[in-house]
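> Dropping the structure in here first, questions after.
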Amino acid sequence: MTDFVLNGQPVSASSDHEHLLAALRHELGIISPKDGCAPSGQCGCCTVLVDGKARVACQTSMERVEGAEVLTLEGLDAPEADAMARAFAAHGALQCGFCTPGIVMRAKAMIDKKGSALTRDDASRLLGAHLCRCTGYVKILDAIEDLARGEVPVAVSPKGVGSRGVKYEAEPLTLGSRPFIDDMVPDGLLHGAVHLSEHARADIVAIDTSAAEAVSGVVRVLTAADVPGELRVGLIHKDWPVFIPVGGRTSYLGDVLALVVAESPTIARRAAAGVQVTYDVLPPMTNPIENVLSDDDAVWGLDGNILSRSSYRRGEVDAALAAATHVVAETFQTQRVEHAFVEPESTLAVPVPAGEPLPLTGRPGPPADFDRLLVFTGGQGIWDDRNDIARILDVDPEVVVTELVSNGGAFGGKEDMSNQGQTALAAWLLRRPVRTTLSREESLLLHTKRHPIRLRYEAGCDADGRLTALRVRMIGDSGPYASVGMKVLERAAGHASGPYVVPSIDVEAIAARSNNSVCGAFRGFGANQAQFAMEGIMDRLAEKVGVDGWEMRNRNVISPGVVWGPGQIMDDGSLGAQACLDAVKPAYDRAVAAGKAVGLGLGLKNSGLGNGFKEIARAVVHFREPANGDEPTVEIRHCWTEMGQGVHTVALQVAVEELGVRADQVRVIVDSTRELGAGQTTGSRGTLMGAGAVADACRRAVADGRRPGVDYEGEYRVDWTNSLSEPIEHPVIHSTFGYAAQMVIMDPETGAIEEVVAAHDVGRAVNPLLCEGQVEGAVHMGLGYALTEGFPCDAEGRPGNDTLRSLDIIRPKDMPPVTVILVESPEPNSPYGIKGVGEIGLVPTAGAVAAARRACHGGTWATELPMVNESNRERAEAWTGEWTTR
């Protein structure tokens with residue numbers, strides 16, 4: 001046993017724990033230090049104080065804490081904890097909140113040591129051990145500066161739509177007291193651990209689980225043979241196996257072969273390593289261009305290697321290019337990128353016998369007369385999770401109840417199921433609660449990535465710089481399974497021309513299957529890949545015409561009534577594009593006059609799925625009877641996943657706006673006990689559609705006198721868009737677009753980024769504090785995308801990066817200042833004029849960085865991402881050859 005003092009109290013814990021974090025979480029019931037990457041110590045989420053010094057708990061041995069004093073957030077005295085929580089909440093210094101407790105403990109160590117002498121530069125340097133994927137660190141540093149000065153701002157609750165206020169659950173998230181799934185410990189809990197494939201493409205000859213089953217503490221080992229229902233799941237195509245069976249074939253290194261269920265996570269992982277698999281290894285197919293031309297199938301059980309082909313054409317491109325005064329042609333290559341959400345995927349499944357209410361929810365509700373399975377999920381579409389789990393178990397969907405636990409970041413990477421299906425199966429068969437949490441290494445292998453895309457652009461303009469023609473050919477590596485890969489390439493095709501008027505256009509995009517890491521949704525969803533190329537084309541043409549980047553964009557920017565891209569006639573919402581350009585013009589002129597290297601990017605990004613998809617979002621408002629003289633509680637149920645972006649706060653503010661209640665009277669819930677599902681929280685549509693549905697429900701409640709105990713259901717629908725394939729001259733591809741202009745200012749001598757100015761048209765800022773945070777975080781992610789980040793795979797389909805550090809995400813000390821300008825040019829067809837903000841924030845970034853680097857690097861044009869860290873680029877030989885086009 002190891003004896004030490006924990007939060008002022010003497011404790012003893014087993015010396016067998018791998019590190020202090022395991023002892024705190026698994027034995028001592030401390031949940032504020034989070035496990036984002038144990039035992040690598042690269043995210044900082046588990047930071048605690050040991051004898052007054054900040055230490056990463058997953059890198060601290062039990063021997064080292066013998067006799068020491070360990071302090072976690074649970075042990076802070078109430079005034080200090082309250083000050084930390086209020087400062088972080090008031091500044092908007094958290095989004096998903098998973099990394100925040102560790103950062104708060106680091107901040108305490110800084111302030112205890114330096115007090116008011118702590119500078120912003122000091123804090124950014126000392127935060128180097130911490131990864132925050134959401135905020136961009138700007139508001140975190142604001143909060144720490146105030147705390148160091150002893151100035152604790154007032155945390156103001158938001159009012160109605162348009163008001164600035166703290167995020168829903170901000171204070172408990174800051175202190176680590178609001179549980180994430182891996183913090184939830186029901187009685188009788190078992191733990192799952194996956195066994196993944198060792199080869200990207202191999203036939204499974206045999207799976208021997210006997211050694212794993214013999215490990216003391218193992219309850220069961222599950223394989224495909226234990227699945228009573230369907231083996232394959234998926235968001236669009238049901239092509240992704242939850243297990244690869246004997247006689248099946250692996251298609252990438254994230255394929256699951258077995259799930260070990262045991263009495264502890266340590267036992268489960270040790271036993272999972274003991275599962276013995278006999279493979280017949282096949283050559284992996286890792287070149288997407290070669291794959292689309294091959295007769296051999298890259299993926300088990302699927303015909304052909306072309307997942308999708310998206311195309312459209314307007315005008316006479318050949319003639320327009322021939323007549324153009326200036327023509328440029330270039331091939332661009334973007335890279336595969338890891339989401340790096342800081343909370344690894346976790347699922348908890350709890351069997352609920354007939355006649356018993358749902359446990360752990362805090363609102364029991366009526367029992368059912370049949371056995372049920374309650375699944376706590378952090379997925380981006382809990383109704384999709386429910387339906388696929390029911391198919392796996394071969395039960396009616398009403399047997400499965402999914403409940404959202406707001407997750408620790410997603411960015412698109414938690415749309416597809418990760419371990420929900422396997423965990424639900426284990427709990428259903430064993431009739432005990434089971435929780436499976438992926439390690440960081442498993443997470444990197446298993447979930448989807450941003451698509452690497454090769455883009456060939458050819459464009460022409462007249463003598464005045466007005467675009468006349470554009471031809472684009474794209475091919476993207478989608479990995480083995482569909483996920484939403486066809487939609488990403490469709491979106492890239494639709495956004496190929498950016499926010500510009502092009503009279504003649506010819507675009508084709510192919511999504512190819514391979515045995516590399518599977519690709520799917522990621523913030524930007526194809527638009528940022530296309531915009532990197534289009535902005536590069538605009539800057540090359542600007543040089544030929546003899547105008548600067550701002551003027552080139554000003555001459556070609558879309559406006560109401562013009563025809564865009566696939567043929568859509570733009571509405572008054574498109575005024576936001578020009579408004580963003582105008583908003584950055586003063587800063588642009590000042591920087592140029594000061595001799596800075598300046599790059600400008602302009603972008604648009606749809607809000608909603610569009611492309612002919614019928615989108616219906618629902619919400620429920622329910623008034624609870626007051627108890628013990630308390631004021632009534634207003635329950636808002638909606639269908640969107642809270643993952644840091646603030647959709648719960650949006651729902652709350654709409655309720656405050658429409659019902660006239662206070663924020664502290666509102667409780668926000670997302671579970672599948674009502675049929676509200678609208679698919680995935682994706683496409684920058686949660687705020688727009690969620691606000692519309694909640695507003696409708698509130699208005700129905702007001703019209704009916706707000707009777708307690710009644711579910712008032714509202715809806716918002718977008719059912720008037722068209723697909724690219726429809727033979728319509730002027731299709732409505734998307735109902736709503738957001739716009740952004742970003743300016744990157746560099747030191748012309750060193751190439752260091754001095755500032756990013758980001759003007760974003762959000763239509764209507766529901767909560768300006770949260771909107772600013774979304775932009776700052778997106779700029780941080782966009783700079784990483786432009787300069788350093790990547791997730792390349794080798795010729796065997798094996799990723800080159802297996803740790804967070806190797807991803808080369810920009811750390812706090814390297815993050816430049818970001819000046820956010822919120823533009824409000826309302827969308828005429830949306831609730832309150834709202835447009836999405838979550839994805840547009842990194843659409844123009846890479847293009848702006850490329851232009852700034854061109855200005856200070858002797859005329860070098862960037863054609864490949866990332867621009868600085870070449871080791872994170874795509875493997876060149878994986879993209880050789882020519883692909884056929886129509």
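To be explicit about the labels: the chains of the structure tokens are called A, B, and onward in the order shown, and within each one the residues are counted from 1, while ligands get numbers from 1 in the order they are shown.
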Do a neighbour search on Ala272 in chain A at 10 Å with only C-alpha atoms, toss out local chain neighbours closer than 6 positions, and write the hits as a list in words.
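The contact residues come out as Gly192, Ala193, Val194, His195, Leu196, Thr209, Ala211, Ala212, Glu213, Val215, Val218, Val221, Ala258, Leu259, Val260, Val261, Ala262 and Thr266 of chain A.
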> Enumerate, in order of chain and increasing residue number, the residues of range 478-528 of chain A with an atom no farther than 12 Å from range 331-338 of chain A, each with its shortest atom pair and distance in Å to one decimal, counting only C-alpha atoms, as a Markdown table.

| residue | atom | partner | partner_atom | distance |
| --- | --- | --- | --- | --- |
| A:Ser478 | CA | A:Arg336 | CA | 9.8 |
| A:Gly479 | CA | A:Arg336 | CA | 10.5 |
| A:Asn516 | CA | A:Arg336 | CA | 10.0 |
| A:Ser517 | CA | A:Arg336 | CA | 8.7 |
| A:Val518 | CA | A:Arg336 | CA | 9.8 |
| A:Cys519 | CA | A:Arg336 | CA | 8.1 |
| A:Gly520 | CA | A:Arg336 | CA | 10.5 |
| A:Ala521 | CA | A:Glu338 | CA | 10.9 |
| A:Phe522 | CA | A:Val337 | CA | 8.7 |
| A:Arg523 | CA | A:Val337 | CA | 10.7 |
| A:Gly524 | CA | A:Val337 | CA | 12.0 |
| A:Phe525 | CA | A:Val337 | CA | 11.9 |
| A:Gly526 | CA | A:Thr334 | CA | 10.4 |
| A:Ala527 | CA | A:Thr334 | CA | 11.8 |
| A:Asn528 | CA | A:Thr334 | CA | 9.5 |
> Generate the output file for the selected residues, all heavy atoms, as a short mmCIF file (atom, residue, chain, number, x, y, z; two decimals), in the first residue's frame.

data_model
loop_
_atom_site.label_atom_id
_atom_site.label_comp_id
_atom_site.auth_asym_id
_atom_site.auth_seq_id
_atom_site.Cartn_x
_atom_site.Cartn_y
_atom_site.Cartn_z
N SER A 478 -11.03 7.93 -48.68
CA SER A 478 -12.06 7.78 -47.66
C SER A 478 -11.78 6.62 -46.72
O SER A 478 -12.54 6.38 -45.79
CB SER A 478 -13.43 7.58 -48.32
OG SER A 478 -14.39 8.41 -47.71
N GLY A 479 -10.66 5.89 -46.94
CA GLY A 479 -10.44 4.71 -46.13
C GLY A 479 -11.42 3.61 -46.50
O GLY A 479 -12.05 3.64 -47.55
N ASN A 516 -6.25 2.51 -45.73
CA ASN A 516 -5.72 3.50 -44.80
C ASN A 516 -6.76 3.80 -43.73
O ASN A 516 -7.87 3.26 -43.75
CB ASN A 516 -5.34 4.78 -45.55
CG ASN A 516 -4.23 4.56 -46.54
OD1 ASN A 516 -3.22 3.93 -46.23
ND2 ASN A 516 -4.41 5.06 -47.76
N SER A 517 -6.42 4.68 -42.80
CA SER A 517 -7.38 5.06 -41.75
C SER A 517 -8.68 5.55 -42.38
O SER A 517 -8.67 6.30 -43.37
CB SER A 517 -6.80 6.18 -40.88
OG SER A 517 -5.66 5.73 -40.20
N VAL A 518 -9.79 5.15 -41.80
CA VAL A 518 -11.09 5.55 -42.32
C VAL A 518 -11.27 7.05 -42.13
O VAL A 518 -10.81 7.64 -41.16
CB VAL A 518 -12.22 4.75 -41.62
CG1 VAL A 518 -12.30 5.07 -40.14
CG2 VAL A 518 -13.55 4.96 -42.30
N CYS A 519 -11.92 7.68 -43.11
CA CYS A 519 -12.14 9.13 -43.06
C CYS A 519 -13.63 9.43 -43.07
O CYS A 519 -14.43 8.69 -43.65
CB CYS A 519 -11.46 9.82 -44.24
SG CYS A 519 -9.66 9.76 -44.15
N GLY A 520 -13.99 10.54 -42.44
CA GLY A 520 -15.41 10.91 -42.35
C GLY A 520 -15.55 12.38 -42.08
O GLY A 520 -14.84 13.22 -42.66
N ALA A 521 -16.45 12.72 -41.18
CA ALA A 521 -16.73 14.12 -40.88
C ALA A 521 -15.60 14.74 -40.05
O ALA A 521 -15.07 14.10 -39.14
CB ALA A 521 -18.05 14.25 -40.12
N PHE A 522 -15.25 15.96 -40.38
CA PHE A 522 -14.32 16.74 -39.58
C PHE A 522 -14.61 18.20 -39.91
O PHE A 522 -14.75 18.57 -41.06
CB PHE A 522 -12.88 16.38 -39.90
CG PHE A 522 -11.84 16.89 -38.91
CD1 PHE A 522 -10.59 16.32 -38.88
CD2 PHE A 522 -12.10 17.91 -38.02
CE1 PHE A 522 -9.62 16.75 -37.99
CE2 PHE A 522 -11.16 18.36 -37.13
CZ PHE A 522 -9.90 17.77 -37.11
N ARG A 523 -14.69 18.99 -38.88
CA ARG A 523 -14.97 20.43 -38.95
C ARG A 523 -14.50 21.04 -40.27
O ARG A 523 -13.32 21.09 -40.58
CB ARG A 523 -14.24 21.09 -37.78
CG ARG A 523 -14.62 22.51 -37.50
CD ARG A 523 -13.79 23.01 -36.34
NE ARG A 523 -14.43 24.08 -35.61
CZ ARG A 523 -13.97 24.55 -34.44
NH1 ARG A 523 -12.88 24.02 -33.90
NH2 ARG A 523 -14.60 25.53 -33.81
N GLY A 524 -15.44 21.50 -41.06
CA GLY A 524 -15.17 22.04 -42.39
C GLY A 524 -15.71 21.14 -43.49
O GLY A 524 -16.14 21.61 -44.53
N PHE A 525 -15.62 19.81 -43.28
CA PHE A 525 -16.36 18.82 -44.07
C PHE A 525 -16.14 18.98 -45.57
O PHE A 525 -17.06 19.02 -46.36
CB PHE A 525 -17.85 18.96 -43.75
CG PHE A 525 -18.65 17.70 -43.94
CD1 PHE A 525 -18.76 16.77 -42.92
CD2 PHE A 525 -19.31 17.44 -45.12
CE1 PHE A 525 -19.51 15.61 -43.07
CE2 PHE A 525 -20.07 16.28 -45.29
CZ PHE A 525 -20.16 15.37 -44.25
N GLY A 526 -14.87 19.10 -45.97
CA GLY A 526 -14.55 19.21 -47.38
C GLY A 526 -14.42 20.63 -47.88
O GLY A 526 -13.72 20.88 -48.86
N ALA A 527 -15.09 21.58 -47.22
CA ALA A 527 -15.04 22.96 -47.68
C ALA A 527 -13.66 23.57 -47.49
O ALA A 527 -13.19 24.36 -48.32
CB ALA A 527 -16.08 23.80 -46.94
N ASN A 528 -12.97 23.21 -46.39
CA ASN A 528 -11.66 23.81 -46.16
C ASN A 528 -10.60 23.24 -47.10
O ASN A 528 -9.68 23.96 -47.51
CB ASN A 528 -11.22 23.67 -44.71
CG ASN A 528 -11.52 22.33 -44.11
OD1 ASN A 528 -12.45 21.65 -44.52
ND2 ASN A 528 -10.73 21.93 -43.14
#
> Counting only C-alpha atoms, which residue out of A:Trp564, A:Phe4, A:Phe411, A:Tyr279 sits closest to His339 in chain A?
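Checking each of A:Trp564, A:Phe4, A:Phe411, A:Tyr279 against His339 in chain A, counting only C-alpha atoms, the winner is A:Phe411.
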> Quick one: residues within 10 Å of Gly301 in chain A, only C-alpha atoms counted, chain neighbours fewer than 2 positions away excluded, as a PyMOL selection string?
chain A and resi 239+248-249+297-299+303-304
> I need the chosen residues saved as a PDB file, in the first residue's frame, with N, CA, C and O atoms.

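To be explicit, this is the file written out as again-v7.pdb:
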ATOM      1  N   ASP A 239     -22.036  -0.668 -43.712  1.00  0.00           N
ATOM      2  CA  ASP A 239     -20.889  -1.414 -44.234  1.00  0.00           C
ATOM      3  C   ASP A 239     -19.756  -1.573 -43.225  1.00  0.00           C
ATOM      4  O   ASP A 239     -18.720  -2.164 -43.543  1.00  0.00           O
ATOM      5  N   GLY A 248     -13.873 -13.675 -42.114  1.00  0.00           N
ATOM      6  CA  GLY A 248     -13.961 -12.322 -42.657  1.00  0.00           C
ATOM      7  C   GLY A 248     -12.574 -11.765 -42.952  1.00  0.00           C
ATOM      8  O   GLY A 248     -11.560 -12.461 -42.847  1.00  0.00           O
ATOM      9  N   ARG A 249     -12.538 -10.495 -43.317  1.00  0.00           N
ATOM     10  CA  ARG A 249     -11.283  -9.860 -43.709  1.00  0.00           C
ATOM     11  C   ARG A 249     -11.194  -8.481 -43.080  1.00  0.00           C
ATOM     12  O   ARG A 249     -12.165  -7.711 -43.119  1.00  0.00           O
ATOM     13  N   ASP A 297     -10.859  -5.563 -54.851  1.00  0.00           N
ATOM     14  CA  ASP A 297     -11.610  -4.798 -53.861  1.00  0.00           C
ATOM     15  C   ASP A 297     -10.771  -4.578 -52.608  1.00  0.00           C
ATOM     16  O   ASP A 297     -10.238  -5.539 -52.025  1.00  0.00           O
ATOM     17  N   ALA A 298     -10.667  -3.341 -52.188  1.00  0.00           N
ATOM     18  CA  ALA A 298      -9.890  -3.018 -50.996  1.00  0.00           C
ATOM     19  C   ALA A 298     -10.589  -3.478 -49.713  1.00  0.00           C
ATOM     20  O   ALA A 298      -9.930  -3.775 -48.721  1.00  0.00           O
ATOM     21  N   VAL A 299     -11.921  -3.549 -49.747  1.00  0.00           N
ATOM     22  CA  VAL A 299     -12.692  -3.736 -48.517  1.00  0.00           C
ATOM     23  C   VAL A 299     -13.501  -5.019 -48.602  1.00  0.00           C
ATOM     24  O   VAL A 299     -14.165  -5.301 -49.607  1.00  0.00           O
ATOM     25  N   ASP A 303     -18.168  -4.213 -53.215  1.00  0.00           N
ATOM     26  CA  ASP A 303     -17.758  -4.247 -54.612  1.00  0.00           C
ATOM     27  C   ASP A 303     -17.234  -2.884 -55.050  1.00  0.00           C
ATOM     28  O   ASP A 303     -17.928  -1.869 -54.918  1.00  0.00           O
ATOM     29  N   GLY A 304     -16.026  -2.875 -55.573  1.00  0.00           N
ATOM     30  CA  GLY A 304     -15.481  -1.659 -56.155  1.00  0.00           C
ATOM     31  C   GLY A 304     -14.860  -0.741 -55.127  1.00  0.00           C
ATOM     32  O   GLY A 304     -15.146  -0.812 -53.929  1.00  0.00           O
TER      33      GLY A 304
END
> Work out how far apart CA of Ala206 in chain A and CA of Val277 in chain A are and give it in Å to one decimal.
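These two atoms are separated by 5.7 Å.
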> Please report the interatomic distance between CA of Asn829 in chain A and CA of His730 in chain A in Å with one decimal.
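So the two atoms, CA of Asn829 in chain A and CA of His730 in chain A, lie 17.7 Å apart.
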> Step one, run DSSP on the backbone; step two, keep only residues of range 510-563 of chain A assigned to alpha helix (DSSP H); then write them as JSON, numbers by chain.
{"A": [527, 528, 529, 530, 531, 532, 533, 534, 535, 536, 537, 538, 539, 540, 541, 542, 543, 544, 545, 549, 550, 551, 552, 553, 554, 555, 556]}
> Pick from A:Gly565, A:Pro480, A:Gly858, A:Gly494: nearest to Glu749 in chain A, with only C-alpha atoms counted?
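Among A:Gly565, A:Pro480, A:Gly858, A:Gly494, it is A:Gly858 that comes nearest to Glu749 in chain A.
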> So what do you get for CA of Ala542 in chain A versus CA of Pro748 in chain A, distance-wise?
20.0 Å
> Residues of range 571-819 of chain A classed as strand (DSSP E) by DSSP on the backbone are to be reported as a PyMOL selection string.
chain A and resi 597-607+615-624+633-637+666-669+711-718+736-746+753-761+818-819
> Residues of the last selection are to be written out with C-alpha atoms, as a short mmCIF file (atom, residue, chain, number, x, y, z; two decimals), in the first residue's frame.

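Okay, again_11.cif is ready:
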data_model
loop_
_atom_site.label_atom_id
_atom_site.label_comp_id
_atom_site.auth_asym_id
_atom_site.auth_seq_id
_atom_site.Cartn_x
_atom_site.Cartn_y
_atom_site.Cartn_z
CA ALA A 597 3.54 40.14 -44.89
CA VAL A 598 -0.22 39.83 -45.21
CA GLY A 599 -2.41 36.99 -46.43
CA LEU A 600 -6.16 37.08 -46.85
CA GLY A 601 -8.64 34.24 -47.10
CA LEU A 602 -12.37 34.36 -47.74
CA GLY A 603 -14.66 31.41 -47.31
CA LEU A 604 -18.23 30.18 -47.10
CA LYS A 605 -19.65 27.13 -45.39
CA ASN A 606 -23.17 25.75 -45.53
CA SER A 607 -25.31 25.39 -42.41
CA GLU A 615 -34.08 17.83 -42.32
CA ILE A 616 -36.56 17.89 -39.46
CA ALA A 617 -35.47 18.88 -35.97
CA ARG A 618 -37.78 18.54 -32.99
CA ALA A 619 -37.73 19.79 -29.43
CA VAL A 620 -39.92 19.43 -26.35
CA VAL A 621 -40.67 21.98 -23.66
CA HIS A 622 -41.99 20.51 -20.42
CA PHE A 623 -42.92 22.41 -17.26
CA ARG A 624 -42.30 20.51 -14.03
CA THR A 633 -38.36 23.93 -13.70
CA VAL A 634 -38.51 24.15 -17.47
CA GLU A 635 -37.14 21.06 -19.21
CA ILE A 636 -35.89 21.61 -22.73
CA ARG A 637 -35.35 18.43 -24.71
CA VAL A 666 -33.97 25.74 -17.36
CA ARG A 667 -32.68 22.18 -17.54
CA VAL A 668 -31.50 20.82 -20.88
CA ILE A 669 -31.84 17.09 -21.66
CA ASP A 711 -44.85 17.79 -23.58
CA TYR A 712 -45.03 20.74 -25.96
CA GLU A 713 -43.33 19.59 -29.14
CA GLY A 714 -41.97 21.99 -31.72
CA GLU A 715 -40.15 21.45 -34.96
CA TYR A 716 -38.03 23.22 -37.52
CA ARG A 717 -37.61 21.80 -40.97
CA VAL A 718 -35.54 22.40 -44.05
CA THR A 736 -28.04 28.81 -45.32
CA PHE A 737 -24.37 29.79 -45.53
CA GLY A 738 -21.98 31.41 -43.10
CA TYR A 739 -19.08 33.57 -44.30
CA ALA A 740 -15.66 34.50 -42.99
CA ALA A 741 -12.69 36.63 -43.98
CA GLN A 742 -9.43 35.95 -42.19
CA MET A 743 -6.24 37.96 -42.41
CA VAL A 744 -2.89 36.55 -41.31
CA ILE A 745 -0.20 39.11 -40.46
CA MET A 746 3.41 37.87 -40.46
CA ILE A 753 2.51 35.05 -37.29
CA GLU A 754 1.90 38.23 -35.32
CA GLU A 755 -1.90 38.34 -35.46
CA VAL A 756 -4.93 36.78 -37.08
CA VAL A 757 -7.90 39.05 -37.77
CA ALA A 758 -11.06 37.01 -38.22
CA ALA A 759 -14.33 38.57 -39.40
CA HIS A 760 -17.16 36.07 -39.23
CA ASP A 761 -20.72 36.50 -40.38
CA VAL A 818 -6.72 36.55 -32.60
CA THR A 819 -8.90 39.59 -33.17
#
> So which residues touch Glu827 in chain A within 10 Å, counting only C-alpha atoms, skipping near sequence neighbours fewer than 3 positions away, as a list in words?
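Surrounding residues, per the criterion: Asp571, Asp572, Gly573, Ser574, Leu575, Gly576, Ser735, Thr736, Phe737, Gly738, Asp761, Val762, Gly763, Arg764, Glu824, Ser830, Pro831, Tyr832, Gly833, Ile834 and Lys835 of chain A.
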> What would the file look like if the residues just selected were written as a PDB file, in the first residue's frame with N, CA and C atoms?

ATOM      1  N   ASP A 571     -29.307  34.297 -51.974  1.00  0.00           N
ATOM      2  CA  ASP A 571     -30.283  35.201 -51.379  1.00  0.00           C
ATOM      3  C   ASP A 571     -29.572  36.291 -50.578  1.00  0.00           C
ATOM      4  N   ASP A 572     -30.345  37.071 -49.819  1.00  0.00           N
ATOM      5  CA  ASP A 572     -29.767  38.206 -49.096  1.00  0.00           C
ATOM      6  C   ASP A 572     -28.793  37.790 -48.003  1.00  0.00           C
ATOM      7  N   GLY A 573     -28.831  36.519 -47.613  1.00  0.00           N
ATOM      8  CA  GLY A 573     -27.845  36.059 -46.647  1.00  0.00           C
ATOM      9  C   GLY A 573     -26.424  36.193 -47.149  1.00  0.00           C
ATOM     10  N   SER A 574     -26.242  36.201 -48.477  1.00  0.00           N
ATOM     11  CA  SER A 574     -24.900  36.285 -49.046  1.00  0.00           C
ATOM     12  C   SER A 574     -24.266  37.657 -48.887  1.00  0.00           C
ATOM     13  N   LEU A 575     -25.021  38.640 -48.418  1.00  0.00           N
ATOM     14  CA  LEU A 575     -24.441  39.950 -48.126  1.00  0.00           C
ATOM     15  C   LEU A 575     -23.320  39.831 -47.098  1.00  0.00           C
ATOM     16  N   GLY A 576     -23.352  38.760 -46.320  1.00  0.00           N
ATOM     17  CA  GLY A 576     -22.334  38.578 -45.301  1.00  0.00           C
ATOM     18  C   GLY A 576     -20.936  38.410 -45.862  1.00  0.00           C
ATOM     19  N   SER A 735     -29.669  25.731 -47.660  1.00  0.00           N
ATOM     20  CA  SER A 735     -30.607  26.769 -47.221  1.00  0.00           C
ATOM     21  C   SER A 735     -29.897  27.977 -46.633  1.00  0.00           C
ATOM     22  N   THR A 736     -28.723  27.766 -46.077  1.00  0.00           N
ATOM     23  CA  THR A 736     -28.044  28.815 -45.321  1.00  0.00           C
ATOM     24  C   THR A 736     -26.540  28.658 -45.473  1.00  0.00           C
ATOM     25  N   PHE A 737     -25.838  29.786 -45.517  1.00  0.00           N
ATOM     26  CA  PHE A 737     -24.372  29.792 -45.527  1.00  0.00           C
ATOM     27  C   PHE A 737     -23.863  30.787 -44.484  1.00  0.00           C
ATOM     28  N   GLY A 738     -22.737  30.449 -43.880  1.00  0.00           N
ATOM     29  CA  GLY A 738     -21.981  31.413 -43.097  1.00  0.00           C
ATOM     30  C   GLY A 738     -20.764  31.850 -43.896  1.00  0.00           C
ATOM     31  N   ASP A 761     -19.294  36.206 -40.303  1.00  0.00           N
ATOM     32  CA  ASP A 761     -20.724  36.504 -40.375  1.00  0.00           C
ATOM     33  C   ASP A 761     -21.492  35.332 -39.778  1.00  0.00           C
ATOM     34  N   VAL A 762     -22.097  35.561 -38.629  1.00  0.00           N
ATOM     35  CA  VAL A 762     -22.852  34.509 -37.930  1.00  0.00           C
ATOM     36  C   VAL A 762     -24.351  34.708 -38.070  1.00  0.00           C
ATOM     37  N   GLY A 763     -24.757  35.687 -38.881  1.00  0.00           N
ATOM     38  CA  GLY A 763     -26.188  35.970 -39.054  1.00  0.00           C
ATOM     39  C   GLY A 763     -26.738  36.712 -37.854  1.00  0.00           C
ATOM     40  N   ARG A 764     -26.826  36.022 -36.751  1.00  0.00           N
ATOM     41  CA  ARG A 764     -27.191  36.609 -35.460  1.00  0.00           C
ATOM     42  C   ARG A 764     -26.401  35.860 -34.401  1.00  0.00           C
ATOM     43  N   GLU A 824     -22.986  40.496 -38.293  1.00  0.00           N
ATOM     44  CA  GLU A 824     -24.345  39.965 -38.213  1.00  0.00           C
ATOM     45  C   GLU A 824     -25.139  40.415 -39.439  1.00  0.00           C
ATOM     46  N   SER A 830     -33.899  31.779 -41.800  1.00  0.00           N
ATOM     47  CA  SER A 830     -33.558  31.001 -40.609  1.00  0.00           C
ATOM     48  C   SER A 830     -34.080  31.670 -39.340  1.00  0.00           C
ATOM     49  N   PRO A 831     -34.245  30.897 -38.263  1.00  0.00           N
ATOM     50  CA  PRO A 831     -34.718  31.460 -36.992  1.00  0.00           C
ATOM     51  C   PRO A 831     -33.770  32.541 -36.484  1.00  0.00           C
ATOM     52  N   TYR A 832     -34.325  33.693 -36.164  1.00  0.00           N
ATOM     53  CA  TYR A 832     -33.564  34.838 -35.639  1.00  0.00           C
ATOM     54  C   TYR A 832     -32.471  35.308 -36.598  1.00  0.00           C
ATOM     55  N   GLY A 833     -32.442  34.813 -37.837  1.00  0.00           N
ATOM     56  CA  GLY A 833     -31.391  35.179 -38.789  1.00  0.00           C
ATOM     57  C   GLY A 833     -30.100  34.418 -38.611  1.00  0.00           C
ATOM     58  N   ILE A 834     -30.123  33.321 -37.829  1.00  0.00           N
ATOM     59  CA  ILE A 834     -28.912  32.584 -37.437  1.00  0.00           C
ATOM     60  C   ILE A 834     -28.243  31.916 -38.637  1.00  0.00           C
ATOM     61  N   LYS A 835     -26.912  31.931 -38.618  1.00  0.00           N
ATOM     62  CA  LYS A 835     -26.081  31.115 -39.501  1.00  0.00           C
ATOM     63  C   LYS A 835     -25.111  30.313 -38.625  1.00  0.00           C
TER      64      LYS A 835
END
> Would you mind telling me which residue in A:Ser483, A:Ser264, A:Thr402, A:Gln774 lies nearest to His26 in chain A when using only C-alpha atoms?
A:Ser264
> Measuring between only C-alpha atoms, which one of A:Tyr252, A:Tyr168, A:Trp428, A:Phe180 shows the shortest distance to Cys99 in chain A?
A:Phe180
> With only C-alpha atoms counted and 8 Å as the cut-off, give the residues of range 202-288 of chain A in contact with range 862-882 of chain A, each with its shortest interatomic distance in Å and the pair that gives it, as CSV.

residue,atom,partner,partner_atom,distance
A:Thr286,CA,A:Ala878,CA,6.4
A:Asn287,CA,A:Ala878,CA,4.4
A:Pro288,CA,A:Trp879,CA,6.8
> Out of A:Val399, A:Leu173, A:Leu822, A:Ala509, which residue has the shortest atom-to-atom distance to Pro768 in chain A when counting only C-alpha atoms?
A:Leu822
